[in-house]
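For reference, work29.pdb (PDB, C-alpha atoms, pLDDT in the B column):
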```
ATOM      1  CA  MET A   1    -100.034  79.374  -7.785  1.00 71.00           C
ATOM      2  CA  HIS A   2     -96.864  78.426  -5.901  1.00 74.00           C
ATOM      3  CA  CYS A   3     -93.525  79.773  -7.080  1.00 73.00           C
ATOM      4  CA  ILE A   4     -90.517  77.483  -6.654  1.00 75.00           C
ATOM      5  CA  TYR A   5     -87.891  79.752  -8.199  1.00 79.00           C
ATOM      6  CA  SER A   6     -87.744  83.348  -9.346  1.00 85.00           C
ATOM      7  CA  THR A   7     -84.972  85.653 -10.506  1.00 90.00           C
ATOM      8  CA  ALA A   8     -84.543  89.128  -9.024  1.00 92.00           C
ATOM      9  CA  SER A   9     -84.443  91.957 -11.551  1.00 95.00           C
ATOM     10  CA  ALA A  10     -81.156  93.784 -11.984  1.00 96.00           C
ATOM     11  CA  ASP A  11     -82.896  97.022 -10.947  1.00 96.00           C
ATOM     12  CA  ALA A  12     -84.076  95.437  -7.677  1.00 96.00           C
ATOM     13  CA  VAL A  13     -80.584  94.121  -6.955  1.00 96.00           C
ATOM     14  CA  ALA A  14     -79.059  97.556  -7.681  1.00 96.00           C
ATOM     15  CA  SER A  15     -81.508  99.193  -5.263  1.00 95.00           C
ATOM     16  CA  PHE A  16     -80.752  96.566  -2.609  1.00 94.00           C
ATOM     17  CA  VAL A  17     -77.000  97.172  -2.901  1.00 95.00           C
ATOM     18  CA  ALA A  18     -77.340 100.986  -2.956  1.00 94.00           C
ATOM     19  CA  GLU A  19     -79.473 100.953   0.212  1.00 94.00           C
ATOM     20  CA  ARG A  20     -77.282  98.573   2.231  1.00 93.00           C
ATOM     21  CA  PHE A  21     -73.682  99.117   1.141  1.00 93.00           C
ATOM     22  CA  GLN A  22     -71.599 102.266   0.827  1.00 92.00           C
ATOM     23  CA  VAL A  23     -70.564 101.795  -2.789  1.00 92.00           C
ATOM     24  CA  GLY A  24     -71.704 105.134  -4.188  1.00 92.00           C
ATOM     25  CA  ALA A  25     -73.958 105.560  -7.183  1.00 94.00           C
ATOM     26  CA  ILE A  26     -74.703 102.362  -9.097  1.00 96.00           C
ATOM     27  CA  ALA A  27     -73.678 102.742 -12.754  1.00 97.00           C
ATOM     28  CA  SER A  28     -74.831  99.298 -13.880  1.00 97.00           C
ATOM     29  CA  CYS A  29     -76.063  95.965 -12.610  1.00 97.00           C
ATOM     30  CA  ARG A  30     -76.583  92.845 -14.690  1.00 97.00           C
ATOM     31  CA  LEU A  31     -77.301  89.181 -14.174  1.00 97.00           C
ATOM     32  CA  VAL A  32     -74.158  87.212 -15.034  1.00 97.00           C
ATOM     33  CA  ARG A  33     -75.185  83.694 -14.082  1.00 95.00           C
ATOM     34  CA  ARG A  34     -78.408  82.049 -13.006  1.00 92.00           C
ATOM     35  CA  GLY A  35     -78.235  78.868 -10.948  1.00 85.00           C
ATOM     36  CA  LEU A  36     -77.921  77.636  -7.364  1.00 81.00           C
ATOM     37  CA  ASN A  37     -76.651  81.155  -6.673  1.00 87.00           C
ATOM     38  CA  ASP A  38     -77.673  83.942  -9.036  1.00 93.00           C
ATOM     39  CA  THR A  39     -74.634  86.154  -9.663  1.00 96.00           C
ATOM     40  CA  TYR A  40     -74.905  89.844 -10.516  1.00 97.00           C
ATOM     41  CA  ALA A  41     -72.083  92.115 -11.716  1.00 98.00           C
ATOM     42  CA  ILE A  42     -72.325  95.600 -10.234  1.00 97.00           C
ATOM     43  CA  ALA A  43     -70.381  98.687 -11.274  1.00 97.00           C
ATOM     44  CA  ALA A  44     -70.556 101.507  -8.745  1.00 95.00           C
ATOM     45  CA  ALA A  45     -68.798 104.805  -8.070  1.00 94.00           C
ATOM     46  CA  LYS A  46     -66.435 103.099  -5.609  1.00 93.00           C
ATOM     47  CA  GLY A  47     -65.615 100.092  -7.772  1.00 93.00           C
ATOM     48  CA  ARG A  48     -66.956  96.864  -9.204  1.00 95.00           C
ATOM     49  CA  CYS A  49     -68.229  93.820  -7.335  1.00 93.00           C
ATOM     50  CA  LEU A  50     -70.167  90.595  -7.688  1.00 93.00           C
ATOM     51  CA  LEU A  51     -73.222  89.771  -5.621  1.00 92.00           C
ATOM     52  CA  ARG A  52     -74.404  86.194  -5.189  1.00 90.00           C
ATOM     53  CA  LEU A  53     -78.019  85.571  -4.233  1.00 87.00           C
ATOM     54  CA  PRO A  54     -78.700  82.014  -3.067  1.00 79.00           C
ATOM     55  CA  ARG A  55     -82.039  80.288  -3.555  1.00 75.00           C
ATOM     56  CA  HIS A  56     -84.280  80.458  -0.521  1.00 69.00           C
ATOM     57  CA  GLY A  57     -84.162  77.335   1.612  1.00 66.00           C
ATOM     58  CA  ARG A  58     -81.325  75.674  -0.289  1.00 67.00           C
ATOM     59  CA  ARG A  59     -78.508  76.722   2.045  1.00 67.00           C
ATOM     60  CA  ARG A  60     -78.048  76.688   5.799  1.00 72.00           C
ATOM     61  CA  VAL A  61     -77.089  79.850   7.672  1.00 73.00           C
ATOM     62  CA  SER A  62     -73.711  78.236   8.452  1.00 78.00           C
ATOM     63  CA  ASP A  63     -73.117  77.713   4.710  1.00 70.00           C
ATOM     64  CA  LEU A  64     -73.762  81.380   4.006  1.00 65.00           C
ATOM     65  CA  ALA A  65     -71.569  82.505   6.914  1.00 72.00           C
ATOM     66  CA  TRP A  66     -68.711  80.388   5.564  1.00 69.00           C
ATOM     67  CA  GLU A  67     -68.897  82.096   2.188  1.00 65.00           C
TER      68      GLU A  67
END
```
Structure encoded using structure tokens:
Amino acid sequence: MHCIYSTASADAVASFVAERFQVGAIASCRLVRRGLNDTYAIAAAKGRCLLRLPRHGRRRVSDLAWE
């Protein structure tokens, strides 16, 4: 079976953010919008933020750097 598109779980996204960014403890993480970029709302000890995850292969590195 070949997967063309999958959505990361909110728990996986929360772990990713906690391991890579100094935001403090993650209070909540939820999927806000699914699409070209999946958008997650994250509430952490140091504030709230949005994380956009682009689909693999749909964007060039220069596109991501611009954002």
**OP:** Convert the output of the PyMOL selection byres ((chain A and resi 30) around 7) on the shown file into explicit residues, formatted as number ranges by chain.
**Re:** A: 10, 28-29, 31-32, 40-42
Subject >> Which of A:Ala45, A:Met1, A:Ala65, A:Pro54 sits closest to Gly24 of chain A [using all atoms listed in the file] >> reply: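 Among the listed residues, the smallest separation from Gly24 of chain A belongs to A:Ala45.
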Subject >> Selected residue, from A:Ser9, A:Ile4, A:Cys49, A:Thr39, that lies nearest to Ile26 of chain A when counting all atoms listed in the file >> reply: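 Checking each of A:Ser9, A:Ile4, A:Cys49, A:Thr39 against Ile26 of chain A, counting all atoms listed in the file, the winner is A:Cys49.
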Original post:
So what do you get for atom CA of Ala44 of chain A versus atom CA of Ala8 of chain A, distance-wise?
Top reply: 18.7 Å
**OP:** Record the distance separating atom CA of Ser6 of chain A and atom CA of Arg33 of chain A, expressed in Å with one decimal.
**Re:**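 Computed distance, atom CA of Ser6 of chain A to atom CA of Arg33 of chain A, equals 13.4 Å.
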Subject >> atom CA of His2 of chain A to atom CA of Arg52 of chain A, straight-line distance in Å >> reply: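 So the two atoms, atom CA of Arg52 of chain A and atom CA of His2 of chain A, lie 23.8 Å apart.
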Subject >> Shortest interatomic distance to Leu50 of chain A - which of A:Asp38, A:Asp11, A:Glu19, A:Asp63, counting only C-alpha atoms >> reply: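 Nearest candidate to Leu50 of chain A out of A:Asp38, A:Asp11, A:Glu19, A:Asp63: A:Asp38.
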Subject >> Pick from A:Thr7, A:Arg20, A:Arg60, A:Ala25, whichever lies nearest to Ala43 of chain A using all atoms listed in the file >> reply: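 Between A:Thr7, A:Arg20, A:Arg60, A:Ala25, the residue approaching Ala43 of chain A most closely is A:Ala25.
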